Structure formats: structure tokens, C-alpha cells
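Engineer: Attaching a single structure in C-alpha cells format; questions to follow.
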Amino acid sequence: TFVFSTVGANAFTPTYTQAHYLKYDILAIAGGGSGGATNDSYVNGGGGGAGGFVYQVNSTALNETSLTGTDYTISIGGGGAASNSDGINGTNTYIASPFSTPIQAVGGGGGGSYLGSGSRNGRSGGSGGGASGNRYSNATNLITGGAATNGQGHAGGNSNLTYLGTNAGGGGGAGTAGAPNKVAGAGSYNTITGANVQYAAGGYSGVTTYGSGGAGATTAGTGQVGQQGLVVIKFYQ
């Protein structure tokens, strides 16, 4: 089992012995989006969306020759940085795969911000970022969470029109969508490393494992950063 957790490019050169197994599982997670900012202590920023979550099981390599002695680039996506506006999307995780087709997990969407001139929607990504809160209760304009990438995550939460300020949307997660009132989408549990770990949860979940989104700002300031991505490759017979 090979774990790649250094942000940026990583070279992977399978040996004959590794390639001989011919079957493999791959977990690829992109960087999570950061939470949205606010300049108003009554209005929360949206939660960042989780990085795209791609898990391929029991796949078959093309052949031993195609695997052995060749460098394959694995690029690990970083988490979105803290921002004084909308949250920043995480960056993609990419595998130039010798096994079948290239694999790309899409960075999580940044959370929407509130900067006095209106609430903002969450950004699209692997999982979508959550919408910022509304400044006034019983608002008429729904602020929406960002869309997710098909098969990699879930949408960010909308704002709740009924409640003031704290109604921001939680970030979407690999397991479930975000929801109003800072309810984050759940991540996805995976045991490829031998431990049962929840990865790629939405912002406001409190989860800080690989690919998770950052919470939005709940007092005037920036939202929290997103967490970096991860790749794990497991060979077996």
C-alpha cells in the first residue's frame, strides 16, 4: 500500500514485484474548499465543500510491462486558503494512471461570503460550498450552495430564509449534502489504509481529515482553510 500526502507532484515508479499483483484499489481525494468570510458578526460565511472523493476497487492493470519501470505523476491537491471574500476552491488531485484512464478528483468549492453588499452563493466543486447567511430574517432571495461534481461529492447547503445570520449553508461532503443552519455534509468512511477513517467532510463538520472543507467565518473575519488531498494505492492478487 502506497500513501501520497505531499501537496504537489509525486513520482510513482512501480517495480515488477508490485506490478505483478495486477489488481489494485485507488483512493484519490482533492483539496477541500475554504469557508466564506464575513464582515458582520451577525452573518456567517458558508462552509467550504469537501474535495472530490474517488474510490476505485478491484481494478485490473493493463499488463506488467505497462506498469514496470515507468514514472507516473501523482499530483496532490492543496486545500483552499483563507480568504477575506468567498472561500477559495481546493485544487484538484490527479493521477496520470498506468492502469486504465487518468483519475482526477476535483477540488472542493469555496463557501459563500457576506461583505455587506449582499449574501453570496457557494462555489461549485468536488462537493459544493455552502451559501452565506442572510442579513435579515424572512428574506425573499434564496442563497444557494454550490453544485457537486457527479460521482465525487454532494452539493453545499442553501441558506435558510427564515432565520437571521446564522442560517449559512454547511459545505457538501463526500457522503451527504450540506444543509441550512451550518449543517455540514458528512464525509465518507474508508479502510484502504487499514484504519476506518472519515475523509472529505463538509465545512462546519469539525472534521479535519484529508479533503475536508473549512468552516465559514462566524465573527467578522476569514473562514477556515480547507484540508489537503490524498492518494492511496493498494496492490494485491
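Each chain in the C-alpha cells gets a letter, A, B and so on, in the order shown; residues start at 1 in every chain, and ligands are counted from 1 in the order they appear.
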For the structure I just gave you, how does DSSP split segment 29-140 of chain A - specifically, which residues are strand (DSSP E)? Reply as a ChimeraX atom specification.
Structural biologist: /A:29,53-60,72-76,93-95,103-105
Engineer: So that I can check the surroundings of segment 50-55 of chain A, please list as a VMD selection string every protein, DNA and RNA residue that reaches within 9 Å of it, counting only C-alpha atoms and ignoring chain neighbours fewer than 5 positions away.
Structural biologist: chain A and resid 25 to 33 77 79 89 to 93 103 to 109 125 to 129 148 to 149 151 to 154 171 to 174 185 187 to 188 190 199 to 203 210 to 214 226 to 229
Engineer: Give the alpha helix (DSSP H) residues of segment 15-164 of chain A, as assigned by DSSP on the backbone, as a PyMOL selection string.
Structural biologist: chain A and resi 16-19+64-67
Engineer: Determine the nearest neighbour of Leu115 of chain A from the options A:Gly45, A:Gly206, A:Pro102, A:Gly8, counting only C-alpha atoms.
Structural biologist: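 Going through A:Gly45, A:Gly206, A:Pro102, A:Gly8 one by one, the smallest distance to Leu115 of chain A is for A:Gly45.
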Engineer: Given the choices A:Ser132, A:Ser75, A:Asn84, A:Asn39, which gets closest to Thr219 of chain A if the distance is worked out from only C-alpha atoms?
Structural biologist: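 Using only C-alpha atoms, the shortest distance to Thr219 of chain A belongs to A:Asn39.
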Engineer: Near Gly221 of chain A, within 10 Å and counting only C-alpha atoms, which residues show up once chain neighbours fewer than 4 positions away are dropped, as an mmCIF file with C-alpha atoms, in the first residue's frame?
Structural biologist:
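Written out: result.cif:
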```cif
data_model
loop_
_atom_site.group_PDB
_atom_site.id
_atom_site.type_symbol
_atom_site.label_atom_id
_atom_site.label_comp_id
_atom_site.auth_asym_id
_atom_site.auth_seq_id
_atom_site.Cartn_x
_atom_site.Cartn_y
_atom_site.Cartn_z
ATOM 1 C CA GLY A 36 -16.525 32.070 3.305
ATOM 2 C CA ALA A 37 -15.667 35.314 5.069
ATOM 3 C CA THR A 38 -17.970 37.832 6.737
ATOM 4 C CA ASN A 39 -17.623 41.434 7.867
ATOM 5 C CA ASP A 40 -20.709 41.237 10.079
ATOM 6 C CA SER A 41 -20.717 39.396 13.401
ATOM 7 C CA ASN A 44 -21.961 33.678 8.976
ATOM 8 C CA GLY A 45 -19.968 32.665 5.917
ATOM 9 C CA ALA A 82 -8.250 31.511 4.000
ATOM 10 C CA SER A 83 -9.887 34.404 2.160
ATOM 11 C CA ASN A 84 -11.409 37.763 3.063
ATOM 12 C CA SER A 85 -14.094 37.154 0.432
ATOM 13 C CA LEU A 115 -19.377 41.505 2.901
ATOM 14 C CA GLY A 216 -17.168 29.711 7.358
ATOM 15 C CA ALA A 217 -16.459 32.751 9.497
#
```
Engineer: Go through A:Ala184, A:Val231, A:Ile192, A:Val207 and flag the residue nearest Asn58 of chain A, using only C-alpha atoms for the distances.
Structural biologist: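 Among the listed residues, the smallest separation from Asn58 of chain A belongs to A:Ile192.
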Engineer: Using only C-alpha atoms, which of the listed residues (A:Gln224, A:Asn150, A:Asn141, A:Thr162) sits closest to Ser124 of chain A?
Structural biologist: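 Using only C-alpha atoms, Ser124 of chain A sits closest to A:Asn150.
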Engineer: Which residue is closest to Val225 of chain A? Choose from A:Gly157, A:Thr6, A:Gly78, A:Thr13 and count only C-alpha atoms.
Structural biologist: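 That would be A:Gly78, the residue with the smallest distance to Val225 of chain A.
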Engineer: Would you mind telling me which residue in A:Thr222, A:Ser59, A:Asn167, A:Gln237 lies nearest to Ala81 of chain A when using only C-alpha atoms?
Structural biologist: A:Thr222
